[in-house]
file upload-v2.cif (mmCIF, C-alpha atoms and all ligand atoms)
data_run
#
loop_
_atom_site.label_atom_id
_atom_site.label_comp_id
_atom_site.auth_asym_id
_atom_site.auth_seq_id
_atom_site.Cartn_x
_atom_site.Cartn_y
_atom_site.Cartn_z
CA MET A 207 31.32 19.76 -27.69
CA VAL A 208 28.25 18.68 -25.73
CA PRO A 209 29.21 15.86 -23.35
CA LYS A 210 27.34 12.62 -23.97
CA ILE A 211 24.64 12.00 -21.39
CA GLU A 212 26.04 8.59 -20.53
CA LYS A 213 29.31 10.31 -19.57
CA LEU A 214 27.42 12.76 -17.35
CA ALA A 215 25.51 9.88 -15.75
CA GLU A 216 28.73 7.98 -15.19
CA ALA A 217 30.28 11.05 -13.54
CA LEU A 218 27.27 11.35 -11.21
CA MET A 219 27.62 7.67 -10.27
CA MET A 220 31.41 7.79 -9.86
CA PRO A 221 32.90 5.56 -7.14
CA GLY A 222 33.11 6.96 -3.63
CA LYS A 223 30.56 9.77 -4.00
CA GLY A 224 26.85 10.49 -3.75
CA ILE A 225 24.27 13.14 -4.60
CA LEU A 226 22.81 15.65 -2.16
CA ALA A 227 19.12 16.40 -2.70
CA ALA A 228 19.02 20.06 -1.63
CA ASP A 229 15.90 20.61 -3.72
CA GLU A 230 13.27 21.18 -1.06
CA SER A 231 10.39 23.11 -2.55
CA THR A 232 9.36 26.43 -1.02
CA GLY A 233 6.54 24.65 0.84
CA THR A 234 8.95 22.10 2.32
CA MET A 235 11.45 24.82 3.26
CA VAL A 236 8.70 26.56 5.27
CA LYS A 237 8.41 23.36 7.35
CA ARG A 238 12.17 22.91 7.66
CA LEU A 239 12.85 26.49 8.73
CA SER A 240 9.90 26.62 11.10
CA SER A 241 11.30 23.48 12.80
CA ILE A 242 14.13 25.77 13.99
CA ASN A 243 11.76 28.71 14.58
CA LEU A 244 13.07 30.68 11.65
CA PRO A 245 10.64 32.61 9.44
CA ASP A 246 10.62 31.26 5.92
CA ASN A 247 11.71 34.01 3.59
CA GLU A 248 13.99 34.12 0.59
CA GLU A 249 16.93 35.36 2.60
CA ASN A 250 16.77 32.64 5.25
CA GLU A 251 16.53 29.98 2.56
CA ARG A 252 19.52 31.51 0.80
CA ARG A 253 21.55 31.66 4.03
CA TYR A 254 20.85 27.99 4.60
CA ARG A 255 21.88 26.97 1.08
CA ASN A 256 24.96 29.15 1.42
CA LEU A 257 25.93 27.22 4.56
CA LEU A 258 25.50 23.88 2.76
CA PHE A 259 27.29 24.72 -0.47
CA THR A 260 30.23 26.60 1.06
CA THR A 261 31.08 23.70 3.38
CA PRO A 262 34.75 22.89 2.85
CA GLN A 263 35.62 19.60 1.13
CA ILE A 264 32.06 18.60 0.18
CA GLU A 265 33.41 17.84 -3.28
CA GLU A 266 35.25 14.86 -1.78
CA TYR A 267 31.87 13.26 -1.08
CA LEU A 268 29.47 14.69 -3.66
CA SER A 269 29.31 14.19 -7.41
CA GLY A 270 26.14 16.26 -7.72
CA VAL A 271 23.66 18.47 -5.89
CA ILE A 272 20.00 18.76 -6.84
CA LEU A 273 18.71 22.34 -6.62
CA TYR A 274 15.23 23.82 -6.65
CA ASP A 275 14.04 26.59 -8.98
CA ALA A 276 14.36 29.26 -6.28
CA THR A 277 17.92 28.17 -5.39
CA ILE A 278 19.34 27.85 -8.88
CA HIS A 279 18.62 31.57 -9.38
CA ARG A 280 20.33 32.70 -6.19
CA ALA A 281 23.89 33.39 -5.15
CA ALA A 282 26.23 32.68 -2.27
CA ASP A 283 27.44 35.43 0.12
CA SER A 284 30.41 35.87 -2.23
CA GLY A 285 28.04 36.86 -5.04
CA LEU A 286 28.77 33.70 -7.04
CA ALA A 287 25.58 32.01 -8.32
CA PHE A 288 24.95 28.72 -6.51
CA PRO A 289 25.21 26.50 -9.63
CA LEU A 290 28.51 28.17 -10.55
CA LEU A 291 29.81 27.78 -7.01
CA LEU A 292 29.06 24.04 -7.14
CA GLU A 293 30.59 23.73 -10.59
CA SER A 294 33.75 25.51 -9.39
CA LYS A 295 34.12 22.73 -6.80
CA GLY A 296 33.67 20.03 -9.45
CA ILE A 297 30.14 19.19 -8.26
CA MET A 298 27.53 18.84 -11.00
CA PRO A 299 24.47 21.06 -10.47
CA GLY A 300 21.08 19.43 -11.06
CA ILE A 301 17.53 20.68 -10.83
CA LYS A 302 14.18 19.32 -9.67
CA VAL A 303 11.72 19.93 -12.49
CA ASP A 304 8.38 18.40 -11.53
CA LEU A 305 5.90 20.98 -10.31
CA GLY A 306 4.48 18.90 -7.48
CA LEU A 307 1.46 16.66 -7.14
CA GLN A 308 -2.13 16.88 -8.34
CA PRO A 309 -4.95 14.64 -7.15
CA LEU A 310 -6.02 11.75 -9.37
CA PRO A 311 -9.77 11.93 -10.01
CA ASN A 312 -11.88 9.17 -8.43
CA HIS A 313 -8.82 7.98 -6.53
CA PRO A 314 -8.82 9.60 -3.11
CA GLU A 315 -5.37 9.84 -1.52
CA GLU A 316 -3.58 9.32 -4.83
CA ASP A 317 -1.73 11.82 -6.97
CA VAL A 318 0.16 12.29 -10.18
CA SER A 319 3.06 14.72 -10.55
CA HIS A 320 2.82 17.41 -13.19
CA GLY A 321 4.86 19.98 -15.11
CA LEU A 322 5.40 18.47 -18.56
CA ASP A 323 3.71 21.32 -20.47
CA THR A 324 6.42 23.84 -19.67
CA LEU A 325 9.30 21.41 -19.31
CA ARG A 326 11.15 22.06 -22.59
CA VAL A 327 11.27 25.82 -21.99
CA ARG A 328 12.40 25.44 -18.40
CA LEU A 329 15.13 22.95 -19.34
CA LYS A 330 16.61 25.43 -21.76
CA GLU A 331 16.88 28.04 -19.02
CA TYR A 332 18.26 25.58 -16.44
CA HIS A 333 20.87 24.33 -18.89
CA GLU A 334 22.01 27.92 -19.45
CA LEU A 335 22.26 28.36 -15.68
CA GLY A 336 24.55 25.30 -15.49
CA ALA A 337 22.29 22.35 -14.66
CA ARG A 338 23.35 19.10 -16.33
CA PHE A 339 20.91 16.69 -14.73
CA THR A 340 17.34 16.81 -13.48
CA LYS A 341 14.99 15.08 -11.08
CA TRP A 342 11.28 14.36 -11.23
CA ARG A 343 9.44 12.91 -8.23
CA SER A 344 6.21 10.95 -8.17
CA VAL A 345 4.58 9.53 -5.08
CA LEU A 346 2.93 6.14 -4.53
CA ARG A 347 1.06 5.33 -1.33
CA ILE A 348 0.68 1.89 0.21
CA SER A 349 -2.71 0.87 1.61
CA ASP A 350 -5.11 -2.03 1.12
CA ASP A 351 -6.09 -0.75 -2.31
CA THR A 352 -3.28 1.55 -3.29
CA PRO A 353 -1.30 2.11 -5.34
CA SER A 354 -4.15 1.70 -7.82
CA ALA A 355 -3.53 0.56 -11.38
CA LEU A 356 -4.24 4.14 -12.46
CA ALA A 357 -1.66 5.65 -10.09
CA LEU A 358 0.98 3.15 -11.23
CA HIS A 359 0.21 3.78 -14.88
CA LYS A 360 -0.08 7.60 -14.79
CA ASN A 361 3.03 8.12 -12.69
CA ALA A 362 5.12 5.71 -14.76
CA ASP A 363 3.95 7.48 -17.90
CA VAL A 364 4.74 10.98 -16.67
CA LEU A 365 8.17 9.92 -15.39
CA ALA A 366 9.08 8.25 -18.68
CA HIS A 367 7.74 11.15 -20.75
CA TYR A 368 9.79 13.57 -18.64
CA ALA A 369 12.93 11.41 -18.99
CA ALA A 370 12.64 11.35 -22.78
CA ILE A 371 12.29 15.16 -22.95
CA VAL A 372 15.28 15.66 -20.65
CA GLN A 373 17.51 13.41 -22.73
CA GLU A 374 16.44 15.34 -25.83
CA ALA A 375 17.86 18.44 -24.02
CA HIS A 376 21.19 16.61 -23.44
CA MET A 377 20.72 16.32 -19.69
CA VAL A 378 20.54 13.26 -17.44
CA PRO A 379 17.10 12.48 -16.00
CA ILE A 380 16.76 11.04 -12.51
CA VAL A 381 13.38 9.29 -12.26
CA GLU A 382 12.06 9.12 -8.70
CA PRO A 383 8.90 7.13 -8.01
CA GLU A 384 8.83 7.44 -4.21
CA VAL A 385 6.93 4.69 -2.39
CA LEU A 386 6.03 6.25 0.97
CA PHE A 387 6.71 4.36 4.17
CA ASP A 388 6.03 7.01 6.83
CA GLU A 389 2.33 7.48 6.13
CA GLU A 390 -0.54 6.85 8.51
CA TYR A 391 -1.51 3.69 6.67
CA THR A 392 0.76 1.57 8.64
CA LEU A 393 -0.99 -1.09 10.60
CA GLU A 394 0.47 -4.51 10.71
CA LYS A 395 -0.30 -4.84 7.01
CA HIS A 396 2.47 -2.53 5.85
CA THR A 397 5.04 -5.29 6.07
CA LEU A 398 8.41 -5.53 4.42
CA ALA A 399 6.90 -8.07 1.99
CA ARG A 400 4.04 -5.69 1.05
CA SER A 401 6.51 -2.85 0.59
CA ALA A 402 8.69 -5.03 -1.67
CA GLU A 403 5.62 -6.03 -3.68
CA VAL A 404 4.64 -2.37 -4.24
CA LEU A 405 8.22 -1.46 -5.11
CA GLU A 406 8.24 -4.22 -7.71
CA ASP A 407 4.91 -3.11 -9.23
CA THR A 408 6.08 0.51 -9.29
CA LEU A 409 9.41 -0.22 -10.93
CA SER A 410 8.04 -2.67 -13.45
CA SER A 411 5.41 -0.11 -14.59
CA LEU A 412 8.16 2.50 -14.79
CA PHE A 413 10.62 0.45 -16.84
CA GLU A 414 7.86 -0.64 -19.18
CA ALA A 415 6.96 3.03 -19.78
CA LEU A 416 10.64 3.97 -20.21
CA GLU A 417 10.84 1.38 -22.96
CA PHE A 418 7.74 2.79 -24.69
CA TYR A 419 9.33 6.25 -24.70
CA LYS A 420 12.64 4.79 -25.94
CA VAL A 421 14.54 6.29 -23.03
CA PHE A 422 18.27 5.62 -23.27
CA LEU A 423 19.05 3.67 -20.09
CA PRO A 424 22.84 4.35 -19.93
CA GLY A 425 21.85 8.04 -19.64
CA LEU A 426 19.24 7.49 -16.92
CA ILE A 427 19.48 7.25 -13.12
CA LEU A 428 16.79 5.63 -10.98
CA LYS A 429 16.10 7.22 -7.60
CA THR A 430 14.19 4.76 -5.50
CA SER A 431 12.82 4.01 -2.08
CA MET A 432 14.13 0.99 -0.25
CA ALA A 433 11.70 -1.82 0.58
CA LEU A 434 10.83 -0.86 4.16
CA PRO A 435 8.21 -2.00 6.67
CA GLY A 436 5.79 0.87 7.48
CA ARG A 437 7.05 3.31 10.08
CA GLU A 438 4.03 2.56 12.29
CA SER A 439 3.95 -1.17 11.62
CA GLY A 440 5.70 -1.95 14.87
CA LYS A 441 8.50 -3.66 12.97
CA ASP A 442 12.06 -2.54 13.48
CA LEU A 443 14.08 -1.68 10.44
CA ASP A 444 16.42 -4.62 10.04
CA PRO A 445 19.14 -3.56 7.61
CA ILE A 446 19.95 -7.07 6.39
CA ALA A 447 16.32 -7.97 5.65
CA ILE A 448 15.69 -4.56 4.03
CA ALA A 449 18.79 -4.85 1.87
CA LYS A 450 17.91 -8.38 0.79
CA GLU A 451 14.40 -7.48 -0.32
CA THR A 452 15.45 -4.20 -1.91
CA VAL A 453 18.28 -5.75 -3.92
CA ARG A 454 16.10 -8.74 -4.91
CA VAL A 455 13.46 -6.43 -6.43
CA LEU A 456 15.98 -4.10 -8.08
CA LYS A 457 17.85 -7.00 -9.69
CA LYS A 458 14.60 -8.48 -10.95
CA ILE A 459 13.31 -5.28 -12.55
CA VAL A 460 16.06 -2.74 -13.28
CA PRO A 461 17.89 -3.46 -16.56
CA LYS A 462 21.64 -3.71 -16.20
CA GLU A 463 22.17 -0.95 -18.80
CA THR A 464 20.71 1.63 -16.37
CA ALA A 465 23.48 4.08 -15.41
CA GLY A 466 22.91 3.77 -11.69
CA ILE A 467 20.57 3.63 -8.73
CA VAL A 468 20.41 6.23 -5.96
CA PHE A 469 18.30 6.01 -2.82
CA LEU A 470 16.07 8.56 -1.13
CA SER A 471 15.84 8.49 2.66
CA GLY A 472 12.07 8.97 2.83
CA GLY A 473 11.74 9.62 6.57
CA GLN A 474 14.35 7.16 7.84
CA THR A 475 16.52 8.64 10.57
CA PRO A 476 20.03 9.62 9.47
CA ILE A 477 21.52 6.52 11.10
CA GLU A 478 18.88 4.16 9.66
CA ALA A 479 19.40 5.54 6.15
CA THR A 480 23.17 5.11 6.43
CA GLU A 481 22.96 1.62 7.92
CA ASN A 482 20.50 0.42 5.28
CA LEU A 483 22.56 1.81 2.42
CA ASN A 484 25.61 0.07 3.87
CA ALA A 485 23.77 -3.26 3.97
CA ILE A 486 22.63 -2.79 0.36
CA ALA A 487 26.13 -1.86 -0.83
CA GLN A 488 27.51 -5.07 0.65
CA PHE A 489 25.82 -7.07 -2.10
CA ASP A 490 28.75 -7.29 -4.46
CA ASP A 491 27.08 -8.66 -7.58
CA MET A 492 24.88 -5.71 -8.51
CA PRO A 493 25.07 -4.77 -12.20
CA TRP A 494 24.77 -0.98 -11.62
CA PRO A 495 26.53 1.40 -9.22
CA VAL A 496 24.44 2.43 -6.20
CA THR A 497 24.74 5.43 -3.92
CA PHE A 498 22.75 7.89 -1.80
CA SER A 499 20.71 10.88 -2.83
CA TYR A 500 19.37 11.89 0.56
CA SER A 501 17.80 15.11 1.68
CA ARG A 502 16.36 14.74 5.19
CA ALA A 503 18.77 12.03 6.40
CA ILE A 504 21.69 14.33 5.61
CA GLU A 505 20.26 17.78 6.21
CA GLU A 506 18.15 17.38 9.35
CA PRO A 507 21.09 17.25 11.78
CA VAL A 508 22.77 20.11 9.88
CA LEU A 509 19.72 22.32 10.21
CA GLU A 510 19.47 21.47 13.88
CA ALA A 511 23.14 22.33 14.50
CA TRP A 512 22.82 25.64 12.64
CA ASN A 513 19.57 26.61 14.36
CA GLY A 514 19.38 29.73 12.21
CA ASP A 515 22.30 31.37 14.00
CA ASP A 516 25.43 32.11 12.04
CA VAL A 517 27.69 31.60 15.04
CA ASN A 518 26.89 27.91 14.50
CA ILE A 519 27.94 27.76 10.86
CA ALA A 520 31.24 25.94 11.41
CA LYS A 521 29.55 23.43 13.72
CA ALA A 522 26.75 22.80 11.21
CA GLN A 523 29.23 22.42 8.37
CA ALA A 524 31.18 19.87 10.42
CA VAL A 525 27.93 17.91 10.88
CA LEU A 526 27.38 17.98 7.12
CA GLN A 527 30.92 16.77 6.43
CA LYS A 528 30.50 13.95 8.91
CA ARG A 529 27.12 12.78 7.53
CA LEU A 530 28.51 12.87 3.99
CA ALA A 531 31.63 10.93 5.01
CA LEU A 532 29.51 8.29 6.76
CA ASN A 533 27.22 7.92 3.75
CA VAL A 534 30.19 7.58 1.44
CA ALA A 535 31.52 4.85 3.75
CA ALA A 536 28.07 3.22 3.53
CA ARG A 537 27.88 3.40 -0.26
CA ASN A 538 31.25 1.60 -0.22
CA GLY A 539 29.84 -1.00 2.21
CA LYS A 540 32.39 0.07 4.83
CA TYR A 541 30.23 1.79 7.46
CA SER A 542 29.79 0.63 11.01
CA LYS A 543 27.72 2.23 13.74
CA ASP A 544 30.74 2.92 15.92
CA MET A 545 31.86 5.47 13.31
CA GLU A 546 28.93 7.70 14.42
P1 LIG A 601 14.57 12.40 1.34
O1 LIG A 601 15.95 11.80 1.39
O2 LIG A 601 14.29 13.37 2.44
O3 LIG A 601 13.50 11.37 1.18
O4 LIG A 601 14.51 13.29 0.05
C1 LIG A 601 14.97 12.79 -1.14
C2 LIG A 601 14.26 13.44 -2.23
O5 LIG A 601 14.88 13.89 -3.15
C3 LIG A 601 12.79 13.50 -2.19
O6 LIG A 601 12.31 13.95 -3.41
#
call {"tool": "encode", "arguments": {"input": "upload-v2.cif", "output": "C-alpha cells"}}
result
Amino acid sequence: MVPKIEKLAEALMMPGKGILAADESTGTMVKRLSSINLPDNEENERRYRNLLFTTPQIEEYLSGVILYDATIHRAADSGLAFPLLLESKGIMPGIKVDLGLQPLPNHPEEDVSHGLDTLRVRLKEYHELGARFTKWRSVLRISDDTPSALALHKNADVLAHYAAIVQEAHMVPIVEPEVLFDEEYTLEKHTLARSAEVLEDTLSSLFEALEFYKVFLPGLILKTSMALPGRESGKDLDPIAIAKETVRVLKKIVPKETAGIVFLSGGQTPIEATENLNAIAQFDDMPWPVTFSYSRAIEEPVLEAWNGDDVNIAKAQAVLQKRLALNVAARNGKYSKDME
C-alpha cells in the first residue's frame, strides 16, 4: 500500500530530528571541494557523500536526507546505493528536483527556477530509486526594488505548480523560496524589518499560489529563510530579535494545516544557525513542528575536518555527529553555546 503523503510528512517532521540538505549541485560541489583543494570529480564527490552517510548514529538525529541527481545514482564504498543505505538506517531519502535558476527578462539580478517540463518523468525514476520527498528551491533577492512583483509571482507559481505535481506522484514536496541575506546589497537598508517584510511578501505569494493549485497542506513542508539583517548591514545577528520577527511572520502567513517548517542556513555560520533555531524553537505556541534542514551550517566544518584525506574520516564524522546533536538540541529549544 502506498503510504499517505501526510504520514510521510509527519515522519519527516518527527520530534527530535531534522533533515540534512546534502543536495549540493555539481556546480556547488566544485566550490566546496576546491575550498579544501580537492579536484571536483565524480569520485571525490562520492567519497564525500560516503563519509556523510556512513557516519554512525546519524539516524538518531535525521529523519531525512535530501540528495542531488548525481548522488541518488551512486553507491557507498560497500556497493549499496546511497538511497538504499539511508533507507536501511531508517532515514528517508529525498531529492532536489529544480534544475537551477534562469534570469527573468527585464529584471536584472532576478531569477526564476525551472525544471517543470521534465518533472513528472524524473519523479517516476526517483521514486523507483527510493526517494519519498522532494525539494525545489527558488531565490529572492533583497534590494531597493527587489524582489519585484514579477519575481514574487513567477517563483510562487513555479513552486506551487511543482508541489502539486509531486503530490500527484505520492511524494512530499518541500517548497523553498530562499530570501538571500548574504548578498552584496547590504547597506544599512537591509535591516531585520526589511528582511521580515520581504519574507512576508514571499510567503504570502507562495501560499496564495499553493491554494490556486489546490496543494494539500498536511502533505507539504515549507523550507524557509529566517528574517535576518543583511550580512553586510553592520548589524549583529541577535537570536531573540530574529526569532521574534521570523515567528511573527510565519504565524501570520503559514496555515496551521501545513505539515511543518524547516529552515535553511543561508550563509549563517554553524553557531549562528544553531543559536537562531534554538531561539525560534523556544516559542511554544507554534501550530506546526519546526526543525532544521541545513547544508552549509552542518557540512562546512565536516568538510574542513575531512580535508579530502581519508585518515581524517573518523574525525570528520565526529564533527558531523556533534553538529547534528547540537541542532537537534536547538530544534528542541534546549541548546546553549557552552555545549559547543
Ligand atoms: P544552506 O543551509 O546552506 O542554506 O542550504 C540549504 C539548502 O537546501 C539550500 O537550497
call {"tool": "residues_around", "arguments": {"input": "upload-v2.cif", "residues": "Asp246 (chain A)", "least_positions_apart": "6", "cutoff": "12 Å", "atoms": "all atoms listed in the file", "output": "ChimeraX atom specification"}}
result
/A:231-240,252-254,514
call {"tool": "atom_distance", "arguments": {"input": "upload-v2.cif", "atom1": "CA of Met377 (chain A)", "atom2": "CA of Thr497 (chain A)"}}
result
19.6 Å
call {"tool": "closest_atom_pairs", "arguments": {"input": "upload-v2.cif", "of": "chain A", "to": "ligand LIG 601 (chain A)", "cutoff": "10 Å", "atoms": "only C-alpha atoms and all ligand atoms", "output": "tab-separated table"}}
result
residue	atom	partner	partner_atom	distance
A:Ile225	CA	A:LIG601	O5	9.5
A:Leu226	CA	A:LIG601	O5	8.2
A:Ala227	CA	A:LIG601	O5	4.9
A:Ala228	CA	A:LIG601	O5	7.6
A:Asp229	CA	A:LIG601	O5	6.8
A:Glu230	CA	A:LIG601	O6	7.7
A:Ser231	CA	A:LIG601	O6	9.4
A:Ile272	CA	A:LIG601	O5	8.0
A:Leu273	CA	A:LIG601	O5	9.9
A:Lys302	CA	A:LIG601	O6	8.5
A:Lys341	CA	A:LIG601	O5	8.0
A:Trp342	CA	A:LIG601	O6	7.9
A:Arg343	CA	A:LIG601	O6	5.7
A:Ser344	CA	A:LIG601	O6	8.3
A:Val345	CA	A:LIG601	O6	9.1
A:Ile380	CA	A:LIG601	O5	10.0
A:Glu382	CA	A:LIG601	O6	7.2
A:Pro383	CA	A:LIG601	O6	8.9
A:Glu384	CA	A:LIG601	O6	7.4
A:Leu386	CA	A:LIG601	O3	9.1
A:Lys429	CA	A:LIG601	O5	8.1
A:Thr430	CA	A:LIG601	C1	9.2
A:Ser431	CA	A:LIG601	O3	8.1
A:Val468	CA	A:LIG601	C1	9.8
A:Phe469	CA	A:LIG601	O1	7.5
A:Leu470	CA	A:LIG601	O1	4.1
A:Ser471	CA	A:LIG601	O1	3.5
A:Gly472	CA	A:LIG601	O3	3.2
A:Gly473	CA	A:LIG601	O3	5.9
A:Gln474	CA	A:LIG601	O3	7.9
A:Thr475	CA	A:LIG601	O2	9.7
A:Pro476	CA	A:LIG601	O1	9.3
A:Ala479	CA	A:LIG601	O1	8.6
A:Phe498	CA	A:LIG601	O1	8.5
A:Ser499	CA	A:LIG601	C1	6.3
A:Tyr500	CA	A:LIG601	O1	3.5
A:Ser501	CA	A:LIG601	O1	3.8
A:Arg502	CA	A:LIG601	O2	3.7
A:Ala503	CA	A:LIG601	O1	5.8
A:Ile504	CA	A:LIG601	O1	7.6
A:Glu505	CA	A:LIG601	O2	8.3
A:Glu506	CA	A:LIG601	O2	8.9
call {"tool": "closest_atom_pairs", "arguments": {"input": "upload-v2.cif", "of": "region 337-419 of chain A", "to": "region 324-332 of chain A", "cutoff": "9 Å", "atoms": "only C-alpha atoms", "output": "JSON lines"}}
result
{"residue": "A:Ala337", "atom": "CA", "partner": "A:Tyr332", "partner_atom": "CA", "distance": 5.5}
{"residue": "A:Arg338", "atom": "CA", "partner": "A:Tyr332", "partner_atom": "CA", "distance": 8.2}
{"residue": "A:Thr340", "atom": "CA", "partner": "A:Leu329", "partner_atom": "CA", "distance": 8.8}
{"residue": "A:Tyr368", "atom": "CA", "partner": "A:Leu325", "partner_atom": "CA", "distance": 7.9}
{"residue": "A:Ile371", "atom": "CA", "partner": "A:Arg326", "partner_atom": "CA", "distance": 7.0}
{"residue": "A:Val372", "atom": "CA", "partner": "A:Leu329", "partner_atom": "CA", "distance": 7.4}
{"residue": "A:Ala375", "atom": "CA", "partner": "A:Leu329", "partner_atom": "CA", "distance": 7.0}
{"residue": "A:Met377", "atom": "CA", "partner": "A:Leu329", "partner_atom": "CA", "distance": 8.7}
call {"tool": "residues_near_point", "arguments": {"input": "upload-v2.cif", "point": "(12.9, 10.3, -20.0)", "cutoff": "9 Å", "atoms": "only C-alpha atoms", "output": "MDAnalysis selection string"}}
result
chainID A and resid 364:374 378:381 416 419:422 426
call {"tool": "closest_atom_pairs", "arguments": {"input": "upload-v2.cif", "of": "region 287-328 of chain A", "to": "region 257-270 of chain A", "cutoff": "7 Å", "atoms": "all atoms listed in the file", "output": "tab-separated table"}}
result
residue	atom	partner	partner_atom	distance
A:Leu292	CA	A:Phe259	CA	6.9
A:Lys295	CA	A:Glu265	CA	6.1
A:Gly296	CA	A:Glu265	CA	6.6
A:Ile297	CA	A:Gly270	CA	5.0
A:Met298	CA	A:Gly270	CA	4.4
A:Pro299	CA	A:Gly270	CA	5.8
A:Gly300	CA	A:Gly270	CA	6.8
call {"tool": "closest_residue", "arguments": {"input": "upload-v2.cif", "among": "A:Asp283, A:Glu463, A:Glu212, A:Glu438", "to": "Glu249 (chain A)", "atoms": "all atoms listed in the file"}}
result
A:Asp283
call {"tool": "closest_residue", "arguments": {"input": "upload-v2.cif", "among": "A:Leu509, A:Met220, A:Val271, A:Ala276", "to": "Asn247 (chain A)", "atoms": "only C-alpha atoms"}}
result
A:Ala276
call {"tool": "closest_residue", "arguments": {"input": "upload-v2.cif", "among": "A:Lys223, A:Lys213, A:Lys462, A:Arg437", "to": "Asn533 (chain A)", "atoms": "all atoms listed in the file"}}
result
A:Lys223
call {"tool": "axis_aligned_box", "arguments": {"input": "upload-v2.cif", "around": "region 417-430 of chain A", "padding_each_side": "6 Å", "output": "AutoDock Vina command-line options"}}
result
--center_x 15.3 --center_y 4.7 --center_z -15.7 --size_x 27.1 --size_y 18.7 --size_z 32.4
call {"tool": "closest_residue", "arguments": {"input": "upload-v2.cif", "among": "A:Leu358, A:Gly285, A:Leu335, A:Val303", "to": "Asp317 (chain A)", "atoms": "all atoms listed in the file"}}
result
A:Leu358
call {"tool": "decode", "arguments": {"input": "upload-v2.cif", "residues": "region 395-425 of chain A", "atoms": "C-alpha atoms", "output": "CSV table (one decimal), in the first residue's frame"}}
result
chain,number,residue,atom,x,y,z
A,395,LYS,CA,18.9,49.3,4.4
A,396,HIS,CA,18.9,45.6,4.7
A,397,THR,CA,17.5,45.7,8.2
A,398,LEU,CA,15.8,43.0,10.1
A,399,ALA,CA,12.5,44.8,9.5
A,400,ARG,CA,13.1,44.9,5.7
A,401,SER,CA,14.0,41.2,5.7
A,402,ALA,CA,10.8,40.4,7.6
A,403,GLU,CA,8.8,42.4,5.2
A,404,VAL,CA,10.3,40.5,2.2
A,405,LEU,CA,9.8,37.2,3.9
A,406,GLU,CA,6.1,38.1,4.5
A,407,ASP,CA,5.6,39.1,0.8
A,408,THR,CA,7.3,35.9,-0.4
A,409,LEU,CA,5.4,33.6,1.8
A,410,SER,CA,2.0,35.2,1.2
A,411,SER,CA,2.5,35.0,-2.6
A,412,LEU,CA,3.5,31.4,-2.1
A,413,PHE,CA,0.6,30.3,0.0
A,414,GLU,CA,-1.8,32.1,-2.3
A,415,ALA,CA,-0.4,30.1,-5.3
A,416,LEU,CA,-0.5,26.9,-3.3
A,417,GLU,CA,-4.2,27.5,-2.8
A,418,PHE,CA,-4.7,28.1,-6.5
A,419,TYR,CA,-3.0,24.8,-7.3
A,420,LYS,CA,-5.1,23.0,-4.5
A,421,VAL,CA,-1.9,21.7,-2.9
A,422,PHE,CA,-2.7,19.6,0.2
A,423,LEU,CA,-1.1,21.4,3.1
A,424,PRO,CA,-0.8,18.4,5.5
A,425,GLY,CA,1.4,16.8,2.8
